[in-house]
>>> print(open('final32.cif').read())   # mmCIF, C-alpha atoms
data_input
loop_
_atom_site.label_atom_id
_atom_site.label_comp_id
_atom_site.auth_asym_id
_atom_site.auth_seq_id
_atom_site.Cartn_x
_atom_site.Cartn_y
_atom_site.Cartn_z
CA MET Q 20 13.36 -1.84 -53.72
CA ASP Q 21 15.47 1.32 -54.11
CA LEU Q 22 13.36 3.29 -51.65
CA PRO Q 23 14.90 3.93 -48.25
CA GLU Q 24 13.27 2.02 -45.45
CA SER Q 25 12.04 5.09 -43.60
CA ALA Q 26 9.88 6.22 -46.52
CA GLY Q 27 7.86 3.02 -46.38
CA LEU Q 28 7.44 3.22 -42.65
CA GLY Q 29 6.32 6.82 -42.83
CA ARG Q 30 3.67 5.97 -45.37
CA VAL Q 31 2.31 3.19 -43.16
CA HIS Q 32 2.25 5.62 -40.25
CA THR Q 33 0.32 8.33 -42.09
CA ASN Q 34 -2.10 5.68 -43.29
CA LYS Q 35 -2.68 4.60 -39.71
CA ILE Q 36 -3.36 8.17 -38.60
CA LYS Q 37 -5.83 8.63 -41.44
CA ILE Q 38 -7.66 5.43 -40.48
CA MET Q 39 -7.72 6.50 -36.84
CA GLU Q 40 -9.19 9.87 -37.71
CA LYS Q 41 -11.83 8.26 -39.84
CA ILE Q 42 -12.80 5.97 -36.97
CA LYS Q 43 -12.95 8.91 -34.60
CA ALA Q 44 -15.14 11.05 -36.87
CA ASN Q 45 -17.41 8.09 -37.42
CA LEU Q 46 -17.63 7.45 -33.71
CA ILE Q 47 -18.47 11.05 -32.83
CA GLU Q 48 -21.16 11.10 -35.49
CA HIS Q 49 -22.71 7.89 -34.18
CA VAL Q 50 -22.68 9.05 -30.58
CA LYS Q 51 -24.02 12.53 -31.31
CA SER Q 52 -26.89 11.20 -33.38
CA ASN Q 53 -28.05 9.15 -30.39
CA PHE Q 54 -26.95 11.40 -27.53
CA PRO Q 55 -27.20 15.01 -28.74
CA GLU Q 56 -26.13 16.60 -25.44
CA VAL Q 57 -22.70 14.89 -25.46
CA THR Q 58 -19.70 17.18 -25.92
CA SER Q 59 -16.49 15.73 -27.26
CA LYS Q 60 -12.84 16.68 -27.10
CA ASP Q 61 -10.36 15.24 -29.56
CA TYR Q 62 -6.84 14.19 -28.63
CA LYS Q 63 -3.85 13.11 -30.65
CA GLY Q 64 -3.56 9.39 -31.23
CA ASN Q 65 -6.19 6.90 -30.21
CA ARG Q 66 -7.79 8.97 -27.46
CA LEU Q 67 -11.15 10.68 -27.31
CA ASP Q 68 -12.90 12.47 -24.47
CA LEU Q 69 -16.67 12.68 -23.99
CA ASN Q 70 -18.45 14.82 -21.42
CA VAL Q 71 -21.95 13.78 -20.42
CA LYS Q 72 -24.54 14.28 -17.72
CA LYS Q 73 -24.60 11.66 -15.01
CA GLU Q 74 -28.10 10.45 -15.96
CA CYS Q 75 -26.81 9.40 -19.40
CA ILE Q 76 -23.99 7.22 -18.08
CA PRO Q 77 -25.73 3.79 -18.03
CA SER Q 78 -27.35 4.22 -21.43
CA LEU Q 79 -24.19 5.63 -23.01
CA LEU Q 80 -21.99 2.84 -21.64
CA THR Q 81 -24.51 0.22 -22.76
CA TYR Q 82 -24.49 1.79 -26.20
CA PHE Q 83 -20.70 1.70 -26.31
CA LYS Q 84 -20.54 -1.89 -25.16
CA ASP Q 85 -23.35 -3.44 -27.20
CA MET Q 86 -23.42 -1.33 -30.35
CA LEU Q 87 -19.92 0.04 -30.89
CA GLY Q 88 -17.85 -2.88 -29.62
CA TYR Q 89 -16.15 -1.14 -26.69
CA ILE Q 90 -16.33 -4.28 -24.64
CA HIS Q 91 -13.53 -3.56 -22.16
CA LEU Q 92 -13.94 -1.26 -19.18
CA SER Q 93 -10.33 -0.31 -18.44
CA HIS Q 94 -10.79 1.88 -15.43
CA ILE Q 95 -13.02 4.11 -13.38
CA THR Q 96 -11.49 7.05 -11.55
CA CYS Q 97 -12.83 9.76 -9.33
CA VAL Q 98 -11.42 13.29 -9.20
CA ASP Q 99 -12.29 15.67 -6.39
CA TRP Q 100 -12.83 19.20 -7.73
CA ILE Q 101 -13.30 20.80 -4.34
CA GLU Q 102 -13.21 24.39 -5.67
CA GLU Q 103 -16.14 23.70 -7.98
CA GLY Q 104 -17.97 21.60 -5.40
CA GLU Q 105 -18.09 18.57 -7.66
CA PHE Q 106 -16.71 15.09 -8.11
CA GLU Q 107 -15.72 13.99 -11.58
CA LEU Q 108 -16.09 10.34 -12.47
CA VAL Q 109 -14.02 9.10 -15.39
CA TYR Q 110 -14.89 5.88 -17.19
CA ILE Q 111 -12.32 4.57 -19.66
CA VAL Q 112 -13.53 2.05 -22.25
CA TRP Q 113 -11.45 0.29 -24.87
CA SER Q 114 -12.27 -1.37 -28.16
CA PRO Q 115 -9.97 -4.24 -29.13
CA VAL Q 116 -11.13 -4.03 -32.76
CA GLU Q 117 -10.77 -0.29 -33.35
CA LYS Q 118 -7.90 0.09 -30.84
CA MET Q 119 -9.55 3.22 -29.49
CA LYS Q 120 -9.62 4.47 -25.93
CA VAL Q 121 -12.66 6.56 -25.06
CA THR Q 122 -12.77 8.52 -21.81
CA ILE Q 123 -16.28 9.29 -20.62
CA LYS Q 124 -16.42 11.99 -17.98
CA THR Q 125 -19.28 13.06 -15.81
CA ARG Q 126 -19.76 15.41 -12.88
CA VAL Q 127 -21.71 14.88 -9.69
CA GLU Q 128 -22.32 17.35 -6.87
CA ARG Q 129 -20.11 17.01 -3.79
CA GLU Q 130 -22.88 17.32 -1.21
CA LYS Q 131 -24.63 13.94 -0.93
CA PRO Q 132 -23.42 12.59 -4.27
CA VAL Q 133 -25.59 9.92 -5.86
CA MET Q 134 -24.59 8.13 -9.06
CA PRO Q 135 -26.35 5.60 -11.27
CA ASN Q 136 -25.00 2.10 -10.81
CA ILE Q 137 -23.38 0.35 -13.78
CA ASP Q 138 -22.37 -3.01 -12.33
CA MET Q 139 -25.03 -4.79 -14.39
CA ILE Q 140 -23.16 -3.69 -17.53
CA TRP Q 141 -19.70 -4.67 -16.30
CA ARG Q 142 -19.54 -6.81 -13.19
CA GLN Q 143 -16.07 -5.56 -12.28
CA ALA Q 144 -17.46 -2.05 -11.85
CA ASN Q 145 -18.90 -3.29 -8.56
CA THR Q 146 -15.42 -3.32 -6.99
CA TYR Q 147 -14.68 0.24 -8.15
CA GLU Q 148 -18.01 1.52 -6.95
CA ARG Q 149 -17.62 0.02 -3.51
CA GLU Q 150 -14.23 1.65 -3.30
CA PHE Q 151 -15.69 5.05 -4.26
CA ARG Q 152 -18.44 4.63 -1.70
CA GLU Q 153 -15.83 4.11 0.98
CA MET Q 154 -13.08 6.49 -0.13
CA PHE Q 155 -15.21 9.39 -1.46
CA GLY Q 156 -18.61 8.77 0.04
CA ILE Q 157 -20.39 8.54 -3.32
CA GLN Q 158 -23.58 6.50 -3.12
CA PHE Q 159 -24.55 4.27 -6.05
CA LYS Q 160 -28.20 3.44 -6.55
CA GLY Q 161 -28.87 -0.25 -5.88
CA LEU Q 162 -25.26 -1.21 -5.25
CA VAL Q 163 -24.95 -4.64 -3.63
CA GLY Q 164 -22.10 -5.34 -1.21
CA ASP Q 165 -21.01 -4.69 2.33
CA GLU Q 166 -20.68 -1.10 3.44
CA GLU Q 167 -17.16 -1.89 4.66
CA PHE Q 168 -14.68 -2.70 1.92
CA LEU Q 169 -11.01 -1.75 2.31
CA LEU Q 170 -11.04 0.19 5.53
CA GLU Q 171 -11.95 -1.50 8.77
CA ASP Q 172 -13.82 0.35 11.52
CA TRP Q 173 -13.56 3.71 9.80
CA GLU Q 174 -15.64 6.39 11.47
CA ASP Q 175 -14.15 9.60 10.10
CA MET Q 176 -14.83 11.40 6.82
CA PRO Q 177 -14.06 9.38 3.65
CA PRO Q 178 -10.27 9.64 3.53
CA MET Q 179 -9.73 10.38 -0.17
CA ARG Q 180 -11.78 13.57 -0.08
CA ARG Q 181 -9.54 16.57 -0.31
CA ASP Q 182 -10.99 18.29 2.75
CA PHE Q 183 -10.00 15.32 4.93
CA ASP Q 184 -7.05 16.56 6.99
CA THR Q 185 -4.70 13.59 6.88
CA GLU Q 186 -1.98 15.19 8.97
CA ALA Q 187 -4.30 16.12 11.82
CA TYR Q 188 -5.83 12.64 11.76
CA VAL Q 189 -2.39 11.00 11.86
CA ASP Q 190 -1.20 13.21 14.72
CA ASP Q 191 -4.38 12.36 16.56
CA THR Q 192 -4.33 8.60 16.03
CA PHE Q 193 -0.74 7.40 15.75
CA PHE Q 194 2.52 7.88 17.59
CA HIS Q 195 5.45 9.65 16.00
CA ARG Q 196 9.04 8.95 16.78
CA PRO Q 197 10.60 12.17 18.03
CA GLY Q 198 13.13 13.79 15.73
CA ARG Q 199 11.09 13.80 12.59
CA GLU Q 200 8.82 16.78 13.24
CA ASP Q 201 11.54 19.43 12.81
CA ALA Q 202 12.05 18.30 9.18
CA LEU Q 203 15.58 19.63 8.89
CA ASP Q 204 17.21 19.90 5.49
CA VAL Q 205 20.06 17.50 6.13
CA ARG Q 206 21.66 18.12 2.74
CA GLU Q 207 23.36 21.29 4.00
CA GLU Q 208 25.09 19.28 6.69
CA ILE Q 209 26.08 16.52 4.27
CA VAL Q 210 27.44 19.05 1.78
CA LYS Q 211 29.48 20.76 4.49
CA ARG Q 212 30.90 17.47 5.65
CA SER Q 213 31.91 16.23 2.20
CA ARG Q 214 32.99 19.72 1.00
CA GLU Q 215 30.77 19.76 -2.05
CA GLU Q 216 28.19 22.17 -3.39
CA ILE Q 217 24.48 21.77 -3.97
CA PRO Q 218 23.86 22.12 -7.74
CA ASP Q 219 21.65 25.03 -8.80
CA PHE Q 220 18.88 22.89 -10.19
CA ALA Q 221 18.54 21.12 -6.86
CA LYS Q 222 18.31 24.28 -4.75
CA LYS Q 223 14.69 24.94 -5.57
CA TYR Q 224 13.71 21.65 -3.95
CA SER Q 225 15.15 22.66 -0.59
CA ARG Q 226 12.70 23.43 2.20
CA MET S 8 15.56 -29.51 39.33
CA ILE S 9 18.76 -27.51 39.42
CA ASN S 10 18.86 -25.12 42.34
CA ASP S 11 22.48 -24.12 42.23
CA LYS S 12 22.94 -20.67 40.66
CA ASN S 13 26.13 -21.53 38.85
CA SER S 14 24.72 -24.66 37.23
CA GLN S 15 21.68 -22.62 36.11
CA LYS S 16 24.11 -20.21 34.46
CA ILE S 17 25.73 -23.06 32.53
CA VAL S 18 22.33 -24.35 31.45
CA ASP S 19 21.41 -20.83 30.28
CA ILE S 20 24.60 -20.55 28.25
CA ILE S 21 23.97 -23.87 26.52
CA GLN S 22 20.32 -22.98 25.99
CA ASN S 23 21.12 -19.58 24.50
CA TRP S 24 23.86 -21.05 22.33
CA SER S 25 21.47 -23.56 20.81
CA ARG S 26 18.69 -20.99 20.41
CA LYS S 27 21.02 -18.63 18.63
CA HIS S 28 21.91 -21.22 16.02
CA SER S 29 18.37 -22.17 15.09
CA ILE S 30 16.46 -18.99 14.29
CA TRP S 31 13.35 -19.99 12.43
CA VAL S 32 11.61 -17.14 10.68
CA LEU S 33 7.89 -17.17 10.17
CA ALA S 34 6.99 -17.08 6.48
CA TYR S 35 4.86 -13.98 6.81
CA GLY S 36 5.41 -10.82 4.83
CA THR S 37 3.82 -7.44 5.26
CA GLY S 38 4.54 -4.45 3.07
CA CYS S 39 7.18 -4.51 0.38
CA GLY S 40 10.14 -5.73 2.44
CA ALA S 41 9.26 -9.39 1.96
CA ILE S 42 10.85 -9.17 -1.48
CA GLU S 43 14.30 -9.06 0.15
CA ILE S 44 13.74 -12.34 1.97
CA PRO S 45 14.06 -14.73 -1.02
CA PRO S 46 17.57 -13.47 -1.98
CA THR S 47 18.58 -13.65 1.68
CA MET S 48 17.43 -17.24 1.92
CA THR S 49 18.64 -18.54 -1.43
CA SER S 50 22.09 -19.55 -2.60
CA ARG S 51 23.80 -16.19 -2.99
CA TYR S 52 23.47 -14.96 0.61
CA ASP S 53 22.41 -18.33 2.04
CA ALA S 54 21.07 -17.36 5.44
CA GLU S 55 20.64 -21.01 6.39
CA ARG S 56 24.36 -21.28 7.15
CA MET S 57 23.58 -19.07 10.17
CA GLY S 58 20.67 -21.28 11.17
CA VAL S 59 18.08 -18.89 9.73
CA ARG S 60 15.36 -20.71 7.87
CA GLY S 61 11.66 -20.46 7.19
CA ALA S 62 8.94 -21.90 9.36
CA ALA S 63 5.46 -22.64 8.14
CA THR S 64 3.32 -21.86 11.18
CA PRO S 65 3.54 -19.40 14.08
CA ARG S 66 3.87 -22.21 16.59
CA GLN S 67 7.08 -23.47 14.98
CA ALA S 68 8.66 -20.05 14.47
CA ASP S 69 11.04 -18.07 16.65
CA VAL S 70 11.26 -14.79 14.78
CA LEU S 71 8.49 -12.57 13.46
CA LEU S 72 9.80 -10.31 10.73
CA ILE S 73 7.73 -7.17 10.21
CA THR S 74 8.84 -6.42 6.67
CA GLY S 75 7.82 -2.85 6.02
CA TYR S 76 4.74 -0.75 6.61
CA LEU S 77 2.01 -2.14 8.80
CA THR S 78 -1.56 -1.04 8.21
CA THR S 79 -3.96 -1.00 11.10
CA LYS S 80 -5.82 -3.79 9.34
CA THR S 81 -2.71 -5.97 9.19
CA LEU S 82 -1.79 -5.10 12.77
CA LYS S 83 -4.76 -7.14 13.98
CA ARG S 84 -3.47 -10.22 12.16
CA VAL S 85 0.10 -9.62 13.27
CA LEU S 86 -0.95 -9.43 16.91
CA ARG S 87 -2.85 -12.67 16.58
CA VAL S 88 0.18 -14.30 14.99
CA TYR S 89 2.58 -12.94 17.60
CA GLU S 90 0.49 -14.16 20.49
CA GLN S 91 0.23 -17.62 18.94
CA MET S 92 4.00 -17.97 18.78
CA GLN S 93 5.64 -19.91 21.56
CA ASP S 94 8.62 -18.86 23.64
CA PRO S 95 11.36 -18.09 22.75
CA LYS S 96 10.10 -15.46 20.31
CA TYR S 97 11.67 -12.37 18.87
CA VAL S 98 10.52 -9.51 16.66
CA ILE S 99 12.65 -7.84 14.00
CA GLY S 100 11.48 -4.50 12.62
CA PHE S 101 12.57 -4.42 9.02
CA GLY S 102 12.89 -1.21 7.01
CA SER S 103 12.43 2.42 7.93
CA CYS S 104 8.61 2.16 7.88
CA THR S 105 8.65 0.22 11.12
CA ILE S 106 11.02 2.72 12.74
CA ASN S 107 9.38 6.09 12.05
CA GLY S 108 6.80 5.49 9.35
CA GLY S 109 9.22 5.97 6.47
CA MET S 110 7.54 7.37 3.41
CA TYR S 111 4.15 6.60 4.98
CA TYR S 112 4.70 9.00 7.88
CA ASP S 113 1.48 10.89 7.01
CA SER S 114 -0.64 7.96 5.88
CA TYR S 115 -4.00 7.65 7.58
CA ASN S 116 -3.81 3.90 7.59
CA THR S 117 -0.39 2.73 8.76
CA ILE S 118 1.21 2.71 12.18
CA LYS S 119 4.44 4.68 12.47
CA VAL S 120 6.33 3.36 15.48
CA LEU S 121 6.26 -0.42 15.75
CA ASP S 122 7.67 -0.72 19.27
CA LYS S 123 4.58 0.93 20.73
CA TYR S 124 2.54 -2.10 19.66
CA LEU S 125 5.00 -5.01 19.72
CA PRO S 126 8.27 -5.52 21.60
CA VAL S 127 10.99 -5.16 18.97
CA ASP S 128 14.35 -6.77 19.62
CA VAL S 129 16.27 -5.60 16.55
CA TYR S 130 15.59 -2.89 13.98
CA ILE S 131 17.10 -3.09 10.51
CA ASN S 132 17.30 0.33 8.90
CA GLY S 133 16.96 0.98 5.18
CA CYS S 134 14.42 1.36 2.44
CA MET S 135 14.87 -1.44 1.47
CA PRO S 136 17.57 -3.07 3.58
CA ARG S 137 19.82 -5.13 1.34
CA PRO S 138 20.33 -8.82 2.15
CA GLU S 139 23.69 -7.90 3.70
CA ALA S 140 21.87 -5.61 6.13
CA VAL S 141 19.33 -8.33 6.85
CA LEU S 142 22.14 -10.76 7.65
CA ALA S 143 23.77 -8.15 9.87
CA GLY S 144 20.44 -7.77 11.66
CA PHE S 145 20.22 -11.51 12.24
CA GLY S 146 23.82 -11.44 13.47
CA LYS S 147 22.89 -8.74 15.96
CA LEU S 148 19.92 -10.78 17.13
CA GLN S 149 22.19 -13.80 17.62
CA GLU S 150 24.52 -11.69 19.74
CA LEU S 151 21.63 -10.49 21.88
CA ILE S 152 20.33 -14.02 22.30
CA ALA S 153 23.77 -15.28 23.35
CA GLU S 154 24.00 -12.53 25.94
CA GLY S 155 20.46 -13.25 27.12
CA LYS S 156 19.32 -9.73 26.27
CA ALA S 157 16.71 -10.52 23.63
CA ASN S 158 13.84 -10.59 26.09
CA GLY S 159 11.10 -8.83 24.15
CA ALA S 160 8.54 -11.50 24.92
CA ALA S 161 9.07 -11.10 28.66
CA LYS S 162 8.72 -7.35 28.26
CA TYR S 163 5.44 -7.86 26.42
CA LYS S 164 4.08 -10.05 29.17
CA GLU S 165 5.08 -7.60 31.90
CA ASN S 166 3.74 -4.50 30.19
CA LEU S 167 0.77 -6.13 28.51
CA GLU S 168 -1.66 -3.44 29.69
CA TRP S 169 0.40 -0.65 28.17
CA TYR S 170 0.71 -2.50 24.86
CA ARG S 171 -3.01 -3.35 24.87
CA ALA S 172 -3.94 0.28 25.45
CA ASN S 173 -1.84 1.36 22.49
CA GLN S 174 -3.23 -1.39 20.31
CA LYS S 175 -6.82 -0.60 21.20
CA LYS S 176 -6.22 3.04 20.32
CA VAL S 177 -5.82 2.15 16.64
CA ILE S 178 -8.17 -0.87 16.68
CA PRO S 179 -11.49 0.55 17.95
CA THR S 180 -13.61 -2.60 17.64
CA TRP S 181 -11.69 -5.17 19.62
CA GLN S 182 -13.03 -8.59 18.74
CA ARG S 183 -10.40 -10.83 20.26
CA PRO S 184 -10.32 -12.82 23.46
CA GLU S 185 -8.39 -11.41 26.40
CA TYR S 186 -5.48 -13.81 26.84
CA ASN S 187 -4.26 -14.89 30.21
CA TRP S 188 -0.75 -16.20 30.46
#
>>> encode(input="final32.cif", output="structure tokens")
Amino acid sequence: MDLPESAGLGRVHTNKIKIMEKIKANLIEHVKSNFPEVTSKDYKGNRLDLNVKKECIPSLLTYFKDMLGYIHLSHITCVDWIEEGEFELVYIVWSPVEKMKVTIKTRVEREKPVMPNIDMIWRQANTYEREFREMFGIQFKGLVGDEEFLLEDWEDMPPMRRDFDTEAYVDDTFFHRPGREDALDVREEIVKRSREEIPDFAKKYSR
Amino acid sequence: MINDKNSQKIVDIIQNWSRKHSIWVLAYGTGCGAIEIPPTMTSRYDAERMGVRGAATPRQADVLLITGYLTTKTLKRVLRVYEQMQDPKYVIGFGSCTINGGMYYDSYNTIKVLDKYLPVDVYINGCMPRPEAVLAGFGKLQELIAEGKANGAAKYKENLEWYRANQKKVIPTWQRPEYNW
């Protein structure tokens, strides 16, 4: 009982890291033996990235859910890589037993994107996929649900695509109250009135 | 019926006085501003001492509070609610989103200037307006009512075509009956 408290805590911590690394190595080995084309990227802590082809997504997610115990689909995100002409879909799965968060990434072409549907694996994926269909224009094979989801009577390009010109659309559709378009930096005026100075770190944010 | 002009004036004064002291607000919140309504109504700021209290349905309410940003999707519902309300009715635009779009000035999905779509009697500035500001806004509305100047509903009826044209610009598929007052 003479040991300082921090020593004990540190030991527990290093033990945890060792266990985590063991789990990770084990996981990568398991996945690579079944899906040889998967590339992995290791992160600090309980995070692991996997890059796969889009055709592998349903089988890989089923494998994670049924065999490895990653029963929770935390999130699906879509990233628009307009320069590379691709969308990236990111599936995040979580294992409550191993406390590991695995990020599965896949790429799909931007022109007429078609993805395999995974809502028979996790039912909640249906909501995400309908949102992607509306906001990015990604089609999912055999997806059930109305074409219209969050937006009503939308006729333009899917609005979350990066080549959608929001400003032009807004100027076209809505009214603006006059006085806002000049976008003056009012801080100068305020500073003059109160006889203060703008601090140096704040100057770079001025327009 | 009273035909005399002066007696009509007295009736108006009494009418406006009683209207001003019983402002019933429709329990309808859009955007994030609705979070400032509970502190305004409860014991600390106690808006009920000014006659401001909640009403359950549009037909019982006098004031429609537009608390914050209004998406085009919500605008449809708000219009339906506003047209169901009975005279006297007033609209308060609450927060900077209703004035010039606020932080959603470049959003593809929210309207920027509320008074192009609904007749607004009082605007409360701020993001968010504190309960003190909300009470000041209600005070201003009471003043306007007492002077007989809060006539947004009459303005809406007179300029219905102009309002309808603006509304139909953001709501392409118009699926509502054309009302006839």
>>> closest_atom_pairs(input="final32.cif", of="chain S", to="chain Q", cutoff="6 Å", atoms="only C-alpha atoms", output="CSV")
residue,atom,partner,partner_atom,distance
S:Asn107,CA,Q:Arg196,CA,5.5
S:Asp113,CA,Q:Glu186,CA,5.9
S:Tyr115,CA,Q:Val189,CA,5.7
>>> atom_distance(input="final32.cif", atom1="CA of Lys43 in chain Q", atom2="CA of Met139 in chain Q")
27.2 Å
>>> residues_around(input="final32.cif", residues="Val70 in chain S", least_positions_apart="3", cutoff="7 Å", atoms="all atoms listed in the file", output="VMD selection string")
chain S and resid 30 to 33 96 to 98
>>> write_last_selection(input="final32.cif", atoms="C-alpha atoms", output="short mmCIF file (atom, residue, chain, number, x, y, z; two decimals), in the coordinates of the input")
data_model
loop_
_atom_site.label_atom_id
_atom_site.label_comp_id
_atom_site.auth_asym_id
_atom_site.auth_seq_id
_atom_site.Cartn_x
_atom_site.Cartn_y
_atom_site.Cartn_z
CA ILE S 30 16.46 -18.99 14.29
CA TRP S 31 13.35 -19.99 12.43
CA VAL S 32 11.61 -17.14 10.68
CA LEU S 33 7.89 -17.17 10.17
CA LYS S 96 10.10 -15.46 20.31
CA TYR S 97 11.67 -12.37 18.87
CA VAL S 98 10.52 -9.51 16.66
#
>>> atom_distance(input="final32.cif", atom1="CA of Ile95 in chain Q", atom2="CA of Leu108 in chain Q")
7.0 Å
>>> resolve_selection(input="final32.cif", expression="the PyMOL selection byres ((chain S and resi 63) around 7)", output="MDAnalysis selection string")
chainID S and resid 33:34 61:62 64
>>> resolve_selection(input="final32.cif", expression="the PyMOL selection byres ((chain S and resi 177-184) around 8)", output="CSV table (one decimal) with C-alpha atoms, in the frame of the given file")
chain,number,residue,atom,x,y,z
Q,172,ASP,CA,-13.8,0.4,11.5
Q,192,THR,CA,-4.3,8.6,16.0
Q,193,PHE,CA,-0.7,7.4,15.8
S,79,THR,CA,-4.0,-1.0,11.1
S,83,LYS,CA,-4.8,-7.1,14.0
S,173,ASN,CA,-1.8,1.4,22.5
S,174,GLN,CA,-3.2,-1.4,20.3
S,175,LYS,CA,-6.8,-0.6,21.2
S,176,LYS,CA,-6.2,3.0,20.3
S,185,GLU,CA,-8.4,-11.4,26.4
S,186,TYR,CA,-5.5,-13.8,26.8
>>> atom_distance(input="final32.cif", atom1="CA of Glu40 in chain Q", atom2="CA of Cys97 in chain Q")
28.6 Å
>>> closest_residue(input="final32.cif", among="S:Asp19, S:Tyr89, S:Pro46, S:Lys80", to="Phe168 in chain Q", atoms="all atoms listed in the file")
S:Lys80
